[in-house]
$ cat structure-v3.tsv   # TSV, C-alpha atoms
chain	number	residue	atom	x	y	z
A	23	PHE	CA	-18.39	26.63	-133.97
A	24	LEU	CA	-19.68	23.88	-136.26
A	25	GLN	CA	-21.07	26.58	-138.54
A	26	THR	CA	-18.43	29.31	-138.31
A	27	ASP	CA	-15.17	27.51	-137.39
A	28	SER	CA	-14.26	30.68	-135.48
A	29	ILE	CA	-13.05	31.01	-131.89
A	30	LEU	CA	-14.01	34.69	-132.04
A	31	LYS	CA	-17.65	33.96	-132.88
A	32	LEU	CA	-17.86	31.10	-130.38
A	33	GLY	CA	-16.43	33.49	-127.79
A	34	ILE	CA	-19.08	36.10	-128.59
A	35	PHE	CA	-21.73	33.39	-128.16
A	36	ASN	CA	-20.29	32.55	-124.74
A	37	LEU	CA	-20.25	36.24	-123.81
A	38	CYS	CA	-23.95	36.45	-124.67
A	39	GLY	CA	-24.67	33.41	-122.51
A	40	PHE	CA	-22.65	34.59	-119.52
A	41	GLY	CA	-24.07	38.10	-119.84
A	42	GLY	CA	-27.56	36.61	-119.87
A	43	ILE	CA	-26.82	34.70	-116.66
A	44	ILE	CA	-25.81	37.94	-114.93
A	45	LEU	CA	-29.05	39.57	-116.07
A	46	GLY	CA	-31.16	36.58	-115.06
A	47	PHE	CA	-29.51	35.88	-111.71
A	48	SER	CA	-28.12	39.07	-110.22
A	49	VAL	CA	-30.08	41.84	-111.96
A	50	TRP	CA	-33.38	39.96	-111.88
A	51	GLY	CA	-32.59	38.87	-108.34
A	52	ILE	CA	-32.39	42.52	-107.28
A	53	LEU	CA	-35.82	43.13	-108.79
A	54	ILE	CA	-37.23	40.07	-107.01
A	55	SER	CA	-35.98	41.52	-103.74
A	56	HIS	CA	-37.15	45.06	-104.48
A	57	PHE	CA	-40.71	44.01	-105.35
A	58	ARG	CA	-40.72	41.01	-102.97
A	59	LEU	CA	-41.76	38.55	-105.66
A	60	SER	CA	-42.48	34.86	-105.16
A	61	MET	CA	-39.43	32.63	-105.52
A	62	ARG	CA	-41.61	29.59	-106.20
A	63	LEU	CA	-43.30	31.26	-109.16
A	64	ASN	CA	-39.86	32.38	-110.30
A	65	TYR	CA	-39.27	28.82	-111.54
A	66	LEU	CA	-42.17	29.18	-113.97
A	67	LYS	CA	-40.70	32.43	-115.27
A	68	SER	CA	-37.34	30.73	-115.84
A	69	PHE	CA	-39.00	27.93	-117.80
A	70	ALA	CA	-40.89	30.45	-119.94
A	71	VAL	CA	-37.65	32.27	-120.78
A	72	CYS	CA	-35.76	29.04	-121.55
A	73	ILE	CA	-38.57	27.73	-123.74
A	74	THR	CA	-38.61	31.04	-125.61
A	75	SER	CA	-34.91	30.63	-126.34
A	76	PHE	CA	-35.47	27.17	-127.85
A	77	LEU	CA	-38.37	28.47	-129.93
A	78	ILE	CA	-35.82	30.78	-131.54
A	79	LEU	CA	-33.78	27.74	-132.58
A	80	ILE	CA	-36.85	25.89	-133.87
A	81	PHE	CA	-38.53	28.61	-135.90
A	82	LEU	CA	-35.86	31.15	-136.83
A	83	PRO	CA	-32.87	30.72	-139.16
A	84	HIS	CA	-29.59	29.75	-137.52
A	85	THR	CA	-27.78	32.93	-138.46
A	86	GLU	CA	-25.16	34.40	-136.16
A	87	PHE	CA	-27.56	37.04	-134.85
A	88	TYR	CA	-30.24	34.56	-133.83
A	89	LEU	CA	-27.67	32.21	-132.29
A	90	TYR	CA	-26.32	35.10	-130.21
A	91	LEU	CA	-29.91	36.00	-129.26
A	92	PHE	CA	-30.50	32.39	-128.24
A	93	GLY	CA	-27.37	32.48	-126.05
A	94	LEU	CA	-28.48	35.70	-124.34
A	95	ILE	CA	-32.07	34.59	-123.65
A	96	ASN	CA	-31.10	31.05	-122.67
A	97	GLY	CA	-28.50	32.47	-120.29
A	98	MET	CA	-31.16	34.68	-118.73
A	99	GLY	CA	-33.41	31.66	-118.26
A	100	LEU	CA	-30.63	29.70	-116.59
A	101	GLY	CA	-29.84	32.61	-114.29
A	102	ILE	CA	-33.48	32.98	-113.26
A	103	PHE	CA	-33.64	29.22	-112.61
A	104	TRP	CA	-30.48	29.01	-110.50
A	105	ILE	CA	-31.42	31.90	-108.25
A	106	GLY	CA	-34.37	29.79	-107.12
A	107	VAL	CA	-32.26	26.67	-106.66
A	108	HIS	CA	-29.63	28.42	-104.54
A	109	SER	CA	-32.23	30.27	-102.47
A	110	TYR	CA	-33.94	27.06	-101.42
A	111	GLU	CA	-30.59	25.38	-100.81
A	112	MET	CA	-29.62	28.15	-98.42
A	113	LEU	CA	-32.96	27.97	-96.65
A	114	PHE	CA	-33.23	24.24	-96.12
A	115	THR	CA	-29.69	22.90	-95.75
A	116	ASN	CA	-27.14	23.36	-92.99
A	117	GLU	CA	-23.55	22.56	-92.16
A	118	LYS	CA	-24.34	19.04	-90.98
A	119	ASN	CA	-26.37	17.78	-93.94
A	120	ARG	CA	-24.81	19.60	-96.88
A	121	ASP	CA	-22.16	17.01	-97.70
A	122	PHE	CA	-24.73	14.25	-98.08
A	123	TYR	CA	-27.22	16.59	-99.80
A	124	SER	CA	-24.65	17.76	-102.31
A	125	SER	CA	-23.52	14.19	-102.97
A	126	MET	CA	-27.08	13.11	-103.74
A	127	VAL	CA	-27.77	16.15	-105.92
A	128	THR	CA	-24.57	15.56	-107.87
A	129	ALA	CA	-25.29	11.82	-108.21
A	130	ILE	CA	-28.78	12.51	-109.56
A	131	SER	CA	-27.40	15.13	-111.92
A	132	GLN	CA	-24.82	12.67	-113.21
A	133	ALA	CA	-27.51	10.00	-113.62
A	134	LEU	CA	-29.51	12.44	-115.71
A	135	ARG	CA	-26.36	13.13	-117.70
A	136	ILE	CA	-26.34	9.43	-118.58
A	137	ILE	CA	-29.96	9.46	-119.71
A	138	GLY	CA	-29.68	12.89	-121.35
A	139	PRO	CA	-26.83	12.17	-123.78
A	140	ALA	CA	-28.40	8.80	-124.63
A	141	ILE	CA	-31.70	10.44	-125.58
A	142	ALA	CA	-29.92	13.35	-127.27
A	143	THR	CA	-27.77	10.95	-129.31
A	144	LEU	CA	-30.90	9.09	-130.40
A	145	THR	CA	-32.48	12.37	-131.55
A	146	PHE	CA	-29.28	13.21	-133.47
A	147	ILE	CA	-29.45	9.88	-135.31
A	148	ILE	CA	-33.16	10.27	-136.08
A	149	SER	CA	-32.67	13.87	-137.26
A	150	GLU	CA	-29.72	13.08	-139.53
A	151	ARG	CA	-30.57	9.63	-140.87
A	152	LEU	CA	-34.35	9.41	-140.83
A	153	LEU	CA	-35.75	12.96	-140.94
A	154	HIS	CA	-32.79	14.42	-142.88
A	155	VAL	CA	-32.92	17.69	-140.95
A	156	GLU	CA	-30.34	19.55	-138.86
A	157	THR	CA	-28.67	17.41	-136.19
A	158	PHE	CA	-30.18	19.37	-133.29
A	159	LYS	CA	-33.64	20.02	-134.77
A	160	LEU	CA	-35.58	17.24	-133.03
A	161	LEU	CA	-33.80	17.86	-129.73
A	162	PHE	CA	-34.78	21.54	-129.79
A	163	ILE	CA	-38.42	20.50	-130.25
A	164	ILE	CA	-38.36	18.02	-127.35
A	165	ILE	CA	-36.56	20.18	-124.75
A	166	PRO	CA	-39.44	22.67	-124.08
A	167	PHE	CA	-41.72	19.79	-123.07
A	168	VAL	CA	-39.15	18.44	-120.61
A	169	TYR	CA	-39.60	21.54	-118.44
A	170	LEU	CA	-43.24	20.61	-117.86
A	171	LEU	CA	-42.20	17.46	-115.96
A	172	SER	CA	-41.06	19.58	-113.00
A	173	LEU	CA	-44.35	21.40	-112.41
A	174	PRO	CA	-45.71	19.03	-109.68
A	175	PHE	CA	-42.48	19.42	-107.68
A	176	ILE	CA	-42.46	23.20	-108.00
A	177	PHE	CA	-45.94	23.62	-106.56
A	178	ALA	CA	-44.99	21.37	-103.64
A	179	LEU	CA	-42.34	23.90	-102.53
A	180	PRO	CA	-43.08	26.40	-99.74
A	181	ASP	CA	-42.97	29.95	-101.01
A	182	TYR	CA	-40.20	32.41	-100.22
A	183	PHE	CA	-40.15	36.21	-100.55
A	184	PRO	CA	-36.67	37.79	-100.18
A	185	GLU	CA	-36.38	40.98	-98.20
A	186	LYS	CA	-35.45	44.23	-99.94
A	187	ILE	CA	-31.68	44.79	-100.09
A	188	GLN	CA	-30.51	48.12	-98.68
A	189	LEU	CA	-27.87	50.28	-100.37
A	190	LYS	CA	-25.57	50.06	-97.34
A	191	GLU	CA	-25.51	46.28	-97.74
A	192	TRP	CA	-24.22	46.60	-101.31
A	193	LYS	CA	-21.54	49.05	-100.15
A	194	ARG	CA	-20.46	46.60	-97.45
A	195	LEU	CA	-20.19	43.70	-99.90
A	196	ILE	CA	-18.18	45.74	-102.39
A	197	PHE	CA	-15.73	47.44	-99.99
A	198	ASP	CA	-15.48	45.22	-96.90
A	199	LYS	CA	-11.93	43.84	-96.75
A	200	LYS	CA	-13.02	41.06	-94.42
A	201	ILE	CA	-14.62	39.16	-97.30
A	202	ARG	CA	-11.69	39.47	-99.71
A	203	HIS	CA	-11.05	35.72	-99.46
A	204	ALA	CA	-14.57	35.02	-100.69
A	205	ARG	CA	-14.07	37.41	-103.61
A	206	ARG	CA	-10.85	35.62	-104.55
A	207	TYR	CA	-12.58	32.25	-104.38
A	208	TYR	CA	-15.43	33.40	-106.63
A	209	MET	CA	-13.03	34.97	-109.14
A	210	THR	CA	-11.04	31.75	-109.57
A	211	GLN	CA	-14.24	29.77	-110.03
A	212	GLY	CA	-15.63	32.13	-112.65
A	213	PHE	CA	-12.36	32.49	-114.53
A	214	GLY	CA	-11.98	28.72	-114.79
A	215	TRP	CA	-15.44	28.24	-116.21
A	216	GLY	CA	-14.94	31.08	-118.67
A	217	LEU	CA	-11.81	29.34	-119.99
A	218	TYR	CA	-13.51	25.96	-120.09
A	219	ALA	CA	-16.66	26.86	-122.04
A	220	PRO	CA	-15.15	27.77	-125.45
A	221	THR	CA	-11.97	25.68	-125.21
A	222	LEU	CA	-13.38	22.25	-124.42
A	223	ALA	CA	-16.20	22.65	-126.93
A	224	ILE	CA	-13.68	23.09	-129.75
A	225	ILE	CA	-11.40	20.26	-128.65
A	226	ALA	CA	-14.38	17.91	-128.24
A	227	ILE	CA	-15.62	18.63	-131.76
A	228	TYR	CA	-12.19	18.10	-133.32
A	229	SER	CA	-11.49	14.95	-131.32
A	230	MET	CA	-14.83	13.18	-131.61
A	231	LYS	CA	-15.44	14.25	-135.24
A	232	THR	CA	-19.24	14.02	-134.89
A	233	ILE	CA	-21.79	15.00	-132.27
A	234	ILE	CA	-23.14	11.43	-132.29
A	235	ASN	CA	-19.78	9.95	-131.24
A	236	PHE	CA	-19.47	12.52	-128.48
A	237	GLY	CA	-22.95	11.68	-127.17
A	238	ILE	CA	-22.16	7.96	-127.02
A	239	LEU	CA	-18.93	8.65	-125.10
A	240	GLN	CA	-20.75	10.84	-122.58
A	241	THR	CA	-23.33	8.15	-121.96
A	242	VAL	CA	-20.76	5.45	-121.23
A	243	ILE	CA	-18.52	7.44	-118.90
A	244	GLY	CA	-21.44	8.97	-117.00
A	245	ILE	CA	-22.10	5.62	-115.35
A	246	ILE	CA	-18.64	5.62	-113.78
A	247	SER	CA	-19.10	9.02	-112.17
A	248	VAL	CA	-22.40	8.11	-110.50
A	249	LEU	CA	-20.81	5.08	-108.82
A	250	MET	CA	-17.92	7.23	-107.58
A	251	ILE	CA	-20.23	9.87	-106.05
A	252	ILE	CA	-22.38	7.29	-104.26
A	253	PHE	CA	-19.27	5.56	-102.91
A	254	LEU	CA	-17.98	8.80	-101.34
A	255	SER	CA	-21.34	10.18	-100.17
A	256	HIS	CA	-21.16	8.60	-96.68
A	257	LYS	CA	-17.46	9.31	-96.25
A	258	ARG	CA	-17.64	13.09	-96.63
A	259	HIS	CA	-17.73	15.48	-93.69
A	260	GLU	CA	-16.58	18.98	-92.74
A	261	ASN	CA	-13.05	17.88	-91.85
A	262	ASN	CA	-12.18	16.16	-95.13
A	263	ARG	CA	-13.87	18.41	-97.70
A	264	LEU	CA	-10.70	20.29	-98.59
A	265	ASN	CA	-8.60	17.12	-98.76
A	266	ILE	CA	-11.03	15.43	-101.14
A	267	MET	CA	-11.25	18.65	-103.14
A	268	PHE	CA	-7.45	18.89	-103.38
A	269	TRP	CA	-6.89	15.37	-104.72
A	270	ALA	CA	-9.79	15.60	-107.15
A	271	LEU	CA	-8.54	18.93	-108.49
A	272	LEU	CA	-4.97	17.68	-108.71
A	273	ILE	CA	-6.05	14.67	-110.80
A	274	GLU	CA	-8.26	16.90	-112.94
A	275	SER	CA	-5.43	19.40	-113.44
A	276	ILE	CA	-3.11	16.64	-114.66
A	277	ALA	CA	-5.82	15.58	-117.13
A	278	TYR	CA	-6.11	19.16	-118.44
A	279	ALA	CA	-2.34	19.54	-118.73
A	280	GLY	CA	-2.24	16.34	-120.80
A	281	LEU	CA	-4.86	17.80	-123.10
A	282	VAL	CA	-2.12	20.04	-124.55
A	283	PHE	CA	-1.35	17.03	-126.78
A	284	TRP	CA	-4.95	16.59	-127.97
A	285	GLN	CA	-3.92	16.84	-131.63
A	286	VAL	CA	-1.66	13.79	-131.40
A	287	SER	CA	-4.59	11.40	-131.15
A	288	PRO	CA	-8.33	11.55	-130.38
A	289	TYR	CA	-7.62	9.02	-127.63
A	290	ILE	CA	-5.90	11.81	-125.67
A	291	TYR	CA	-9.27	13.52	-125.34
A	292	ILE	CA	-11.04	10.25	-124.49
A	293	ILE	CA	-8.54	9.56	-121.69
A	294	HIS	CA	-8.97	13.15	-120.50
A	295	ILE	CA	-12.75	12.76	-120.35
A	296	LEU	CA	-12.52	9.47	-118.48
A	297	ILE	CA	-10.27	11.02	-115.82
A	298	VAL	CA	-12.32	14.20	-115.49
A	299	THR	CA	-15.53	12.19	-115.27
A	300	LEU	CA	-14.16	10.58	-112.13
A	301	ALA	CA	-12.50	13.67	-110.69
A	302	TYR	CA	-14.95	16.51	-111.43
A	303	PRO	CA	-18.06	15.20	-109.63
A	304	THR	CA	-15.86	14.35	-106.63
A	305	PHE	CA	-14.50	17.91	-106.63
A	306	ARG	CA	-17.90	19.43	-107.36
A	307	VAL	CA	-19.54	18.02	-104.25
A	308	SER	CA	-16.94	19.72	-102.02
A	309	GLU	CA	-17.12	22.90	-104.08
A	310	HIS	CA	-20.90	23.01	-103.85
A	311	VAL	CA	-20.84	22.71	-100.06
A	312	ILE	CA	-18.14	25.39	-99.78
A	313	ASP	CA	-20.13	27.66	-102.13
A	314	LEU	CA	-23.14	27.55	-99.81
A	315	LYS	CA	-20.98	27.98	-96.74
A	316	SER	CA	-19.20	30.97	-98.28
A	317	ILE	CA	-22.52	32.79	-98.71
A	318	GLU	CA	-23.14	32.34	-94.98
A	319	LEU	CA	-19.66	33.55	-94.12
A	320	ILE	CA	-20.03	36.89	-95.91
A	321	LYS	CA	-23.28	37.82	-94.17
A	322	GLU	CA	-23.03	41.01	-92.12
A	323	LYS	CA	-24.46	39.49	-88.97
A	324	GLU	CA	-25.26	36.02	-87.73
A	325	HIS	CA	-29.00	36.38	-88.28
A	326	SER	CA	-28.97	38.60	-91.37
A	327	SER	CA	-30.11	37.49	-94.81
A	328	PHE	CA	-28.01	35.35	-97.15
A	329	TYR	CA	-29.76	36.76	-100.22
A	330	SER	CA	-27.59	39.80	-100.98
A	331	GLY	CA	-24.39	37.77	-100.64
A	332	MET	CA	-25.78	35.20	-103.05
A	333	LEU	CA	-26.41	37.88	-105.69
A	334	TYR	CA	-23.00	39.46	-105.06
A	335	ARG	CA	-21.32	36.09	-105.56
A	336	ASP	CA	-22.96	35.69	-108.95
A	337	PHE	CA	-21.88	39.16	-110.06
A	338	ILE	CA	-18.25	38.21	-109.41
A	339	LEU	CA	-18.66	34.81	-111.06
A	340	GLY	CA	-20.29	36.36	-114.12
A	341	PHE	CA	-17.73	39.07	-114.75
A	342	SER	CA	-14.87	36.64	-114.10
A	343	ARG	CA	-16.31	34.31	-116.74
A	344	ILE	CA	-16.62	37.20	-119.18
A	345	GLY	CA	-13.04	38.27	-118.47
A	346	ALA	CA	-11.77	34.76	-119.24
A	347	VAL	CA	-13.69	34.60	-122.54
A	348	VAL	CA	-12.40	38.03	-123.56
A	349	PHE	CA	-8.88	36.77	-122.84
A	350	ILE	CA	-9.46	33.73	-125.10
A	351	ILE	CA	-10.83	35.95	-127.87
A	352	ILE	CA	-7.85	38.34	-127.73
A	353	LEU	CA	-5.40	35.44	-127.66
A	354	SER	CA	-7.07	33.85	-130.70
A	355	LEU	CA	-6.73	37.11	-132.64
A	356	ILE	CA	-2.99	37.47	-132.03
A	357	SER	CA	-1.93	33.80	-132.16
A	358	SER	CA	-2.79	30.50	-133.79
A	359	GLU	CA	-5.74	28.34	-132.84
A	360	ASN	CA	-3.46	25.59	-131.53
A	361	PHE	CA	-1.55	28.00	-129.30
A	362	THR	CA	-4.81	29.48	-127.98
A	363	LEU	CA	-6.28	26.10	-127.08
A	364	GLY	CA	-3.01	24.84	-125.59
A	365	THR	CA	-2.62	27.95	-123.45
A	366	ALA	CA	-6.23	27.72	-122.30
A	367	VAL	CA	-5.99	24.11	-121.06
A	368	ILE	CA	-2.76	24.89	-119.18
A	369	LEU	CA	-4.44	27.87	-117.53
A	370	ILE	CA	-7.43	25.70	-116.60
A	371	ALA	CA	-5.06	23.24	-114.91
A	372	ILE	CA	-3.33	26.04	-112.96
A	373	ASN	CA	-6.62	27.73	-112.11
A	374	ASN	CA	-7.99	24.48	-110.67
A	375	MET	CA	-5.33	24.50	-107.98
A	376	CYS	CA	-5.97	28.22	-107.42
A	377	ILE	CA	-9.60	27.35	-106.65
A	378	TRP	CA	-8.46	24.94	-103.94
A	379	TRP	CA	-6.02	27.49	-102.53
A	380	ALA	CA	-8.71	30.21	-102.46
A	381	ALA	CA	-11.18	27.82	-100.78
A	382	LYS	CA	-8.57	26.91	-98.18
A	383	CYS	CA	-7.87	30.58	-97.40
A	384	LEU	CA	-11.60	31.29	-97.17
A	385	LEU	CA	-12.31	28.49	-94.72
A	386	ASN	CA	-9.18	29.02	-92.61
A	387	LYS	CA	-9.47	32.79	-92.20
A	388	THR	CA	-13.20	33.29	-91.80
A	389	SER	CA	-15.10	32.11	-88.78
A	390	VAL	CA	-18.12	29.89	-89.21
A	391	LYS	CA	-21.42	31.53	-88.53
A	392	ASN	CA	-24.70	29.98	-87.58
A	393	ASN	CA	-27.09	29.24	-90.43
A	394	SER	CA	-30.19	31.06	-89.30
A	395	PRO	CA	-31.41	33.20	-92.21
A	396	LYS	CA	-33.51	36.14	-91.19
A	397	ASP	CA	-35.89	35.88	-94.11
A	398	ALA	CA	-37.41	32.47	-93.35
A	399	PRO	CA	-39.72	31.03	-95.96
A	400	VAL	CA	-43.37	32.02	-95.90
A	401	LEU	CA	-45.40	28.81	-95.65
$ encode --input "structure-v3.tsv" --output "structure tokens"
Amino acid sequence: FLQTDSILKLGIFNLCGFGGIILGFSVWGILISHFRLSMRLNYLKSFAVCITSFLILIFLPHTEFYLYLFGLINGMGLGIFWIGVHSYEMLFTNEKNRDFYSSMVTAISQALRIIGPAIATLTFIISERLLHVETFKLLFIIIPFVYLLSLPFIFALPDYFPEKIQLKEWKRLIFDKKIRHARRYYMTQGFGWGLYAPTLAIIAIYSMKTIINFGILQTVIGIISVLMIIFLSHKRHENNRLNIMFWALLIESIAYAGLVFWQVSPYIYIIHILIVTLAYPTFRVSEHVIDLKSIELIKEKEHSSFYSGMLYRDFILGFSRIGAVVFIIILSLISSENFTLGTAVILIAINNMCIWWAAKCLLNKTSVKNNSPKDAPVL
């Protein structure tokens, strides 16, 4: 967007990224199952794909084609990575420990989001003011080496080989009316993220004026979110997940609705970010636990594999994201930029409450099943 000033072209970039995630997660996940490939080694493949995407940014010109290619390949790398993360989460967490686990994962992620923007902002300053190169140049060079830091942890994991998915299992997932609540939940999640990706990027750029200012803001407010997550980590349990999720989403929705007035002052966006920084991680912990539980709930039998349901979930998420981006693109072509962005943030606010409603329906109308995956890890 910094180069093209076009919602259309930013939308196409998002479509490439979301399409890449579908290819990397669901399509590649099917191949992993078919050929019974190692999930532990899958991490290395994801790193190789992600590093390749950043090499495109380092060595090739930043034309629209190569930026779209970067989005596609980077999305594939992310998809390949997350299929491993979710597989091990399903294998080694259960209903009793997921609230605390998710709280700690989210807290660590937020802590890294404090360190990350701080380091990124420093690279922006060095690139612009000392090296006199593109703002992101130095960051693109550093990122591939960051992946290498995880290698010792990867090889400490037990290996896991998913079982082959039968055709009848796909038919069940697609046509079984009993899991319609899960489908609805996944669709609201994907649609919300598809709206968020292009819309908030544009508003952030306009409001903060420079990438450096935005990085400094992210660093400061990240500290607040970590403290909030740690505070709630020992208070969460199965009976209050939805309540915590509701209040966090309600506060976040109000913040998005207020963003309609982002053009009045850049402080509108700053206030929005401060509120969302408190609300989103609080919501995300509950959502993460419900995500994992939903995959259990759509299994065919108590002791059957979670793996096919996990891939099916990502298919729905992916196409819902793409549908939302296509909607933003069409809206931008037939209306003004301001109307497009204003409509998008209102829809995000409404969709947030739809996520809570869909989660509530899912948990209320589907019985809990025992977490005993058939395809236990091969040690």
$ residues_around --input "structure-v3.tsv" --residues "A:Ile356" --least-positions-apart "6" --cutoff "12 Å" --atoms "all atoms listed in the file" --output "list in words"
Ile29, Leu30, Phe349, Ile350 and Thr362 of chain A
$ atom_distance --input "structure-v3.tsv" --atom1 "atom CA of A:Val155" --atom2 "atom CA of A:Tyr90"
21.5 Å
$ residues_around --input "structure-v3.tsv" --residues "A:Lys67" --least-positions-apart "5" --cutoff "9 Å" --atoms "only C-alpha atoms" --output "number ranges by chain"
A: 72, 99, 102-103
$ closest_residue --input "structure-v3.tsv" --among "A:Leu217, A:Leu222, A:Ala204, A:Ala381" --to "A:Glu318" --atoms "only C-alpha atoms"
A:Ala204
$ closest_residue --input "structure-v3.tsv" --among "A:Phe167, A:Phe175, A:Tyr302, A:Phe341" --to "A:Phe213" --atoms "only C-alpha atoms"
A:Phe341
$ atom_distance --input "structure-v3.tsv" --atom1 "atom CA of A:Asp198" --atom2 "atom CA of A:Thr210"
19.0 Å
$ residues_around --input "structure-v3.tsv" --residues "stretch 37-52 of chain A" --least-positions-apart "4" --cutoff "10 Å" --atoms "only C-alpha atoms" --output "ChimeraX atom specification"
/A:31-33,56-59,61,64,68,71,89-106,184,186-187,216,329-330,332-348
$ residues_around --input "structure-v3.tsv" --residues "A:Phe305" --least-positions-apart "6" --cutoff "8 Å" --atoms "all atoms listed in the file" --output "list in words"
Ile266, Met267, Phe268, Ala270 and Leu271 of chain A
$ residues_around --input "structure-v3.tsv" --residues "A:Ile246" --least-positions-apart "6" --cutoff "9 Å" --atoms "all atoms listed in the file" --output "PyMOL selection string"
chain A and resi 296+299-300
$ closest_residue --input "structure-v3.tsv" --among "A:Ser287, A:Asn374, A:Ser275, A:Ser124" --to "A:Asp313" --atoms "all atoms listed in the file"
A:Ser124
$ residues_near_point --input "structure-v3.tsv" --point "(-9.0, 26.8, -94.8)" --cutoff "12 Å" --atoms "all atoms listed in the file" --output "list in words"
His203, Ala204, Tyr207, Glu260, Asn261, Asn262, Arg263, Leu264, Asn265, Met267, Phe268, Ile312, Ser316, Ile377, Trp378, Trp379, Ala380, Ala381, Lys382, Cys383, Leu384, Leu385, Asn386, Lys387, Thr388, Ser389 and Val390 of chain A
$ atom_distance --input "structure-v3.tsv" --atom1 "atom CA of A:Leu272" --atom2 "atom CA of A:Ile370"
11.5 Å
$ closest_residue --input "structure-v3.tsv" --among "A:Leu53, A:Ala133, A:Leu161, A:Val127" --to "A:Leu79" --atoms "only C-alpha atoms"
A:Leu161
$ closest_residue --input "structure-v3.tsv" --among "A:Phe114, A:Gly331, A:Ile224, A:Gly214" --to "A:Trp192" --atoms "all atoms listed in the file"
A:Gly331
$ closest_residue --input "structure-v3.tsv" --among "A:Lys257, A:Ile34, A:Ile245, A:Arg120" --to "A:Ile137" --atoms "all atoms listed in the file"
A:Ile245
$ decode --input "structure-v3.tsv" --residues "stretch 266-277 of chain A" --atoms "N, CA, C and O atoms" --output "mmCIF file, in the first residue's frame"
data_model
loop_
_atom_site.group_PDB
_atom_site.id
_atom_site.type_symbol
_atom_site.label_atom_id
_atom_site.label_comp_id
_atom_site.auth_asym_id
_atom_site.auth_seq_id
_atom_site.Cartn_x
_atom_site.Cartn_y
_atom_site.Cartn_z
ATOM 1 N N ILE A 266 -15.667 -14.491 29.587
ATOM 2 C CA ILE A 266 -14.479 -13.664 29.341
ATOM 3 C C ILE A 266 -14.411 -13.279 27.871
ATOM 4 O O ILE A 266 -14.120 -12.126 27.517
ATOM 5 N N MET A 267 -14.706 -14.229 27.004
ATOM 6 C CA MET A 267 -14.690 -13.980 25.565
ATOM 7 C C MET A 267 -15.711 -12.901 25.192
ATOM 8 O O MET A 267 -15.419 -12.010 24.382
ATOM 9 N N PHE A 268 -16.902 -12.970 25.789
ATOM 10 C CA PHE A 268 -17.952 -12.004 25.472
ATOM 11 C C PHE A 268 -17.526 -10.589 25.823
ATOM 12 O O PHE A 268 -17.646 -9.665 24.992
ATOM 13 N N TRP A 269 -17.044 -10.376 27.044
ATOM 14 C CA TRP A 269 -16.694 -9.016 27.468
ATOM 15 C C TRP A 269 -15.493 -8.479 26.705
ATOM 16 O O TRP A 269 -15.442 -7.292 26.365
ATOM 17 N N ALA A 270 -14.542 -9.350 26.402
ATOM 18 C CA ALA A 270 -13.384 -8.906 25.620
ATOM 19 C C ALA A 270 -13.806 -8.503 24.209
ATOM 20 O O ALA A 270 -13.363 -7.476 23.677
ATOM 21 N N LEU A 271 -14.681 -9.305 23.598
ATOM 22 C CA LEU A 271 -15.147 -8.991 22.248
ATOM 23 C C LEU A 271 -16.034 -7.753 22.232
ATOM 24 O O LEU A 271 -15.997 -6.967 21.275
ATOM 25 N N LEU A 272 -16.842 -7.580 23.264
ATOM 26 C CA LEU A 272 -17.687 -6.396 23.332
ATOM 27 C C LEU A 272 -16.836 -5.124 23.403
ATOM 28 O O LEU A 272 -17.090 -4.148 22.681
ATOM 29 N N ILE A 273 -15.817 -5.140 24.251
ATOM 30 C CA ILE A 273 -14.919 -3.982 24.365
ATOM 31 C C ILE A 273 -14.182 -3.749 23.040
ATOM 32 O O ILE A 273 -14.062 -2.616 22.566
ATOM 33 N N GLU A 274 -13.729 -4.840 22.429
ATOM 34 C CA GLU A 274 -13.019 -4.717 21.153
ATOM 35 C C GLU A 274 -13.946 -4.189 20.061
ATOM 36 O O GLU A 274 -13.537 -3.377 19.221
ATOM 37 N N SER A 275 -15.194 -4.634 20.057
ATOM 38 C CA SER A 275 -16.156 -4.177 19.055
ATOM 39 C C SER A 275 -16.426 -2.678 19.190
ATOM 40 O O SER A 275 -16.542 -1.961 18.184
ATOM 41 N N ILE A 276 -16.531 -2.198 20.420
ATOM 42 C CA ILE A 276 -16.713 -0.762 20.639
ATOM 43 C C ILE A 276 -15.519 0.017 20.100
ATOM 44 O O ILE A 276 -15.673 1.077 19.478
ATOM 45 N N ALA A 277 -14.315 -0.535 20.307
ATOM 46 C CA ALA A 277 -13.101 0.116 19.799
ATOM 47 C C ALA A 277 -13.107 0.171 18.270
ATOM 48 O O ALA A 277 -12.708 1.179 17.673
#
